[in-house]
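Pasting data-v1.cif here (mmCIF, C-alpha atoms):
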data_coords
loop_
_atom_site.label_atom_id
_atom_site.label_comp_id
_atom_site.auth_asym_id
_atom_site.auth_seq_id
_atom_site.Cartn_x
_atom_site.Cartn_y
_atom_site.Cartn_z
CA MET A 1 -18.30 3.62 16.01
CA LYS A 2 -20.08 6.95 15.75
CA LYS A 3 -21.00 8.29 12.33
CA ASP A 4 -18.78 11.20 11.47
CA ASN A 5 -17.51 12.79 8.27
CA ALA A 6 -14.46 10.52 8.13
CA SER A 7 -16.60 7.39 8.43
CA VAL A 8 -19.01 8.65 5.79
CA PHE A 9 -16.12 9.50 3.46
CA VAL A 10 -14.51 6.06 3.75
CA LYS A 11 -17.86 4.30 3.28
CA LYS A 12 -18.60 6.39 0.17
CA CYS A 13 -15.15 5.61 -1.27
CA LEU A 14 -15.70 1.91 -0.74
CA LYS A 15 -19.09 2.19 -2.44
CA ILE A 16 -17.75 4.26 -5.37
CA PHE A 17 -15.00 1.73 -6.03
CA HIS A 18 -17.38 -1.20 -5.51
CA ILE A 19 -15.29 -2.60 -2.69
CA LYS A 20 -17.12 -4.84 -0.30
CA VAL A 21 -15.48 -5.51 3.04
CA LYS A 22 -16.53 -7.02 6.32
CA PRO A 23 -17.67 -4.58 9.03
CA LYS A 24 -14.47 -5.23 11.02
CA THR A 25 -12.34 -4.36 7.97
CA GLU A 26 -14.44 -1.27 7.28
CA LYS A 27 -13.92 -0.15 10.88
CA LEU A 28 -10.16 -0.65 10.52
CA LEU A 29 -10.09 1.34 7.25
CA ILE A 30 -11.98 4.19 8.89
CA GLN A 31 -9.56 4.08 11.80
CA ILE A 32 -6.53 4.13 9.49
CA PHE A 33 -8.02 7.09 7.62
CA LYS A 34 -8.59 8.99 10.88
CA PHE A 35 -5.10 8.07 12.06
CA GLY A 36 -3.80 9.51 8.79
CA ILE A 37 -5.62 12.80 9.32
CA VAL A 38 -4.36 13.10 12.88
CA GLY A 39 -0.91 12.09 11.69
CA VAL A 40 -0.80 14.75 8.98
CA ILE A 41 -1.75 17.45 11.48
CA ALA A 42 0.76 16.13 14.04
CA THR A 43 3.41 16.04 11.32
CA VAL A 44 2.73 19.66 10.36
CA ILE A 45 3.05 20.62 14.03
CA ASP A 46 6.26 18.58 14.34
CA PHE A 47 7.87 20.02 11.19
CA ALA A 48 6.80 23.59 11.99
CA PHE A 49 8.34 23.49 15.44
CA LEU A 50 11.44 21.68 14.16
CA TYR A 51 11.95 24.41 11.58
CA LEU A 52 11.26 27.16 14.13
CA PHE A 53 13.68 25.71 16.69
CA ARG A 54 16.38 25.00 14.09
CA GLU A 55 16.20 28.00 11.79
CA PHE A 56 15.10 30.81 14.11
CA LEU A 57 16.34 29.69 17.53
CA HIS A 58 19.42 27.87 16.16
CA PHE A 59 18.99 24.78 18.36
CA PRO A 60 21.06 21.71 17.48
CA VAL A 61 19.15 19.30 15.21
CA LEU A 62 18.56 16.60 17.83
CA LEU A 63 17.35 19.07 20.47
CA ALA A 64 15.05 20.78 17.96
CA ASN A 65 13.77 17.37 16.82
CA THR A 66 13.15 16.16 20.38
CA LEU A 67 11.24 19.29 21.38
CA SER A 68 9.14 19.38 18.21
CA PHE A 69 8.34 15.68 18.54
CA CYS A 70 7.20 16.16 22.15
CA ILE A 71 4.91 19.04 21.20
CA SER A 72 3.32 16.99 18.42
CA VAL A 73 2.82 14.02 20.77
CA ILE A 74 0.61 16.12 23.04
CA TYR A 75 -1.70 16.88 20.12
CA ASN A 76 -1.48 13.32 18.85
CA TYR A 77 -2.45 11.80 22.20
CA THR A 78 -5.49 14.03 22.58
CA ALA A 79 -6.72 13.44 19.03
CA SER A 80 -6.00 9.71 19.10
CA VAL A 81 -7.92 9.13 22.31
CA LYS A 82 -10.85 11.34 21.37
CA TRP A 83 -11.24 10.53 17.69
CA VAL A 84 -9.16 7.65 16.31
CA PHE A 85 -9.04 4.72 18.68
CA ASP A 86 -11.87 3.08 20.56
CA VAL A 87 -10.14 3.54 23.88
CA ASN A 88 -11.17 0.94 26.40
CA LYS A 89 -13.10 2.98 28.98
CA GLU A 90 -12.82 0.15 31.51
CA LYS A 91 -9.05 0.56 31.66
CA ASP A 92 -7.47 3.12 33.95
CA ALA A 93 -7.02 6.37 31.98
CA ARG A 94 -3.77 7.16 33.81
CA LYS A 95 -2.38 3.74 32.96
CA GLN A 96 -3.33 4.23 29.30
CA PHE A 97 -1.65 7.63 29.28
CA VAL A 98 1.53 6.15 30.79
CA ILE A 99 1.52 3.40 28.15
CA PHE A 100 1.01 6.03 25.44
CA ILE A 101 3.93 8.06 26.81
CA ILE A 102 6.19 4.99 27.04
CA PHE A 103 5.57 4.14 23.40
CA SER A 104 5.91 7.81 22.45
CA VAL A 105 9.32 7.90 24.14
CA ILE A 106 10.33 4.75 22.24
CA GLY A 107 9.06 6.45 19.06
CA LEU A 108 11.06 9.56 19.97
CA LEU A 109 14.22 7.52 20.52
CA LEU A 110 13.67 5.79 17.17
CA ASN A 111 13.00 9.19 15.56
CA ASP A 112 16.16 10.71 17.10
CA LEU A 113 18.25 7.69 16.10
CA ILE A 114 17.09 7.96 12.50
CA MET A 115 17.71 11.73 12.54
CA TRP A 116 21.21 11.27 13.99
CA VAL A 117 22.21 8.53 11.54
CA SER A 118 20.72 10.48 8.63
CA THR A 119 22.16 13.90 9.43
CA ASP A 120 25.44 13.14 11.21
CA LEU A 121 26.55 9.90 9.55
CA LEU A 122 24.92 10.11 6.11
CA SER A 123 24.90 13.94 5.79
CA ILE A 124 21.24 14.02 4.72
CA TYR A 125 19.51 17.41 4.98
CA TYR A 126 17.63 17.50 8.29
CA LEU A 127 14.15 18.06 6.82
CA LEU A 128 14.56 15.13 4.42
CA ALA A 129 15.82 13.01 7.32
CA LYS A 130 12.72 14.05 9.27
CA ILE A 131 10.47 12.76 6.47
CA ILE A 132 12.21 9.38 6.61
CA ALA A 133 12.00 9.25 10.40
CA THR A 134 8.35 10.29 10.39
CA LEU A 135 7.31 7.55 7.96
CA ILE A 136 9.02 4.83 9.98
CA VAL A 137 7.77 6.05 13.35
CA MET A 138 4.23 6.49 11.97
CA VAL A 139 3.95 2.74 11.38
CA PHE A 140 5.35 2.02 14.85
CA ASN A 141 2.86 4.46 16.40
CA PHE A 142 -0.20 3.01 14.69
CA VAL A 143 0.63 -0.57 15.61
CA THR A 144 1.47 0.15 19.25
CA ARG A 145 -1.52 2.44 19.80
CA LYS A 146 -3.87 -0.04 18.18
CA LEU A 147 -2.54 -2.84 20.38
CA PHE A 148 -2.34 -0.98 23.67
CA LEU A 149 -5.04 1.71 23.62
CA GLU A 150 -7.93 -0.49 22.48
#
So that I can check it, write out the structure of this file as structure tokens.
Amino acid sequence: MKKDNASVFVKKCLKIFHIKVKPKTEKLLIQIFKFGIVGVIATVIDFAFLYLFREFLHFPVLLANTLSFCISVIYNYTASVKWVFDVNKEKDARKQFVIFIIFSVIGLLLNDLIMWVSTDLLSIYYLLAKIIATLIVMVFNFVTRKLFLE
């Protein structure tokens, strides 16, 4: 793994807190930290477009959610492949992209299901429902990308 600011930051935190871990664990912690950074940016993109589509363009919640999710996935894919995961260069890039899209669609369906249940059945405010959906789908995304991109 290349030295970058995220790697240096995680290593310094481990040193400051006197935490000794194996190199493999350190690599995973760095990766989780990077995934978090990418995730925060993707979440800001997702929420911004959701709000724009819902409040200014008056789209229905599920349509606004689907469109905003898709926009954030484009950013997330690019950042994940370039910065977070050690993508296996020996694998076909098109195949990896298709796998990424398949799991993104599953994540979208899960996200939309949570949004629908939360807003339509439980009458939860759509932005609060989005926070719940985002947290659940974030775990799904990390696990599937770790398993299938590396």
Hey, could you make a per-residue contact list for range 38-62 of chain A against range 66-81 of chain A with 7 Å as the cut-off, showing the nearest pair of atoms and its distance in Å to one decimal, counting only C-alpha atoms, sorted by chain and number, as a tab-separated table?
residue	atom	partner	partner_atom	distance
A:Val38	CA	A:Ala79	CA	6.6
A:Ala42	CA	A:Ser72	CA	5.1
A:Ile45	CA	A:Ser72	CA	5.7
A:Asp46	CA	A:Ser68	CA	4.9
A:Phe49	CA	A:Ser68	CA	5.0
A:Leu50	CA	A:Ser68	CA	5.2
A:Leu62	CA	A:Thr66	CA	6.0
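CA of Phe142 in chain A sits 15.0 Å away from CA of Gln96 in chain A.
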Name the residues that the PyMOL selection byres ((chain A and resi 18-32) around 8) picks from the file above, as a PDB file with C-alpha atoms, in the frame of the given file, using the file's chain letters and numbers.
ATOM      1  CA  MET A   1     -18.300   3.620  16.010  1.00  0.00           C
ATOM      2  CA  ALA A   6     -14.460  10.520   8.130  1.00  0.00           C
ATOM      3  CA  SER A   7     -16.600   7.390   8.430  1.00  0.00           C
ATOM      4  CA  VAL A  10     -14.510   6.060   3.750  1.00  0.00           C
ATOM      5  CA  LYS A  11     -17.860   4.300   3.280  1.00  0.00           C
ATOM      6  CA  LEU A  14     -15.700   1.910  -0.740  1.00  0.00           C
ATOM      7  CA  LYS A  15     -19.090   2.190  -2.440  1.00  0.00           C
ATOM      8  CA  ILE A  16     -17.750   4.260  -5.370  1.00  0.00           C
ATOM      9  CA  PHE A  17     -15.000   1.730  -6.030  1.00  0.00           C
ATOM     10  CA  PHE A  33      -8.020   7.090   7.620  1.00  0.00           C
ATOM     11  CA  LYS A  34      -8.590   8.990  10.880  1.00  0.00           C
ATOM     12  CA  PHE A  35      -5.100   8.070  12.060  1.00  0.00           C
ATOM     13  CA  GLY A  36      -3.800   9.510   8.790  1.00  0.00           C
ATOM     14  CA  VAL A  84      -9.160   7.650  16.310  1.00  0.00           C
ATOM     15  CA  PHE A  85      -9.040   4.720  18.680  1.00  0.00           C
TER      16      PHE A  85
END
When the PyMOL selection byres ((chain A and resi 104-109) around 10) is applied to the file above, which residues end up in the set, as an mmCIF file with C-alpha atoms, keeping the file's coordinate frame?
data_model
loop_
_atom_site.group_PDB
_atom_site.id
_atom_site.type_symbol
_atom_site.label_atom_id
_atom_site.label_comp_id
_atom_site.auth_asym_id
_atom_site.auth_seq_id
_atom_site.Cartn_x
_atom_site.Cartn_y
_atom_site.Cartn_z
ATOM 1 C CA ASN A 65 13.770 17.370 16.820
ATOM 2 C CA THR A 66 13.150 16.160 20.380
ATOM 3 C CA LEU A 67 11.240 19.290 21.380
ATOM 4 C CA PHE A 69 8.340 15.680 18.540
ATOM 5 C CA CYS A 70 7.200 16.160 22.150
ATOM 6 C CA VAL A 73 2.820 14.020 20.770
ATOM 7 C CA ILE A 74 0.610 16.120 23.040
ATOM 8 C CA ASN A 76 -1.480 13.320 18.850
ATOM 9 C CA TYR A 77 -2.450 11.800 22.200
ATOM 10 C CA VAL A 98 1.530 6.150 30.790
ATOM 11 C CA ILE A 99 1.520 3.400 28.150
ATOM 12 C CA PHE A 100 1.010 6.030 25.440
ATOM 13 C CA ILE A 101 3.930 8.060 26.810
ATOM 14 C CA ILE A 102 6.190 4.990 27.040
ATOM 15 C CA PHE A 103 5.570 4.140 23.400
ATOM 16 C CA LEU A 110 13.670 5.790 17.170
ATOM 17 C CA ASN A 111 13.000 9.190 15.560
ATOM 18 C CA ASP A 112 16.160 10.710 17.100
ATOM 19 C CA LEU A 113 18.250 7.690 16.100
ATOM 20 C CA ILE A 114 17.090 7.960 12.500
ATOM 21 C CA MET A 115 17.710 11.730 12.540
ATOM 22 C CA ALA A 133 12.000 9.250 10.400
ATOM 23 C CA THR A 134 8.350 10.290 10.390
ATOM 24 C CA ILE A 136 9.020 4.830 9.980
ATOM 25 C CA VAL A 137 7.770 6.050 13.350
ATOM 26 C CA MET A 138 4.230 6.490 11.970
ATOM 27 C CA VAL A 139 3.950 2.740 11.380
ATOM 28 C CA PHE A 140 5.350 2.020 14.850
ATOM 29 C CA ASN A 141 2.860 4.460 16.400
ATOM 30 C CA THR A 144 1.470 0.150 19.250
ATOM 31 C CA ARG A 145 -1.520 2.440 19.800
#
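Between Ile37 in chain A and the residues A:Lys12, A:His58, A:Trp83, A:Ala64, the shortest atom-to-atom distance, using all atoms listed in the file, involves A:Trp83.
Nearest to Ile131 in chain A of all the residues A:Leu52, A:Val8, A:Val44, A:Leu147 is A:Val44, based on only C-alpha atoms.
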* Structure fact -> Here CA of Trp116 in chain A and CA of Pro60 in chain A stand apart by 11.0 Å
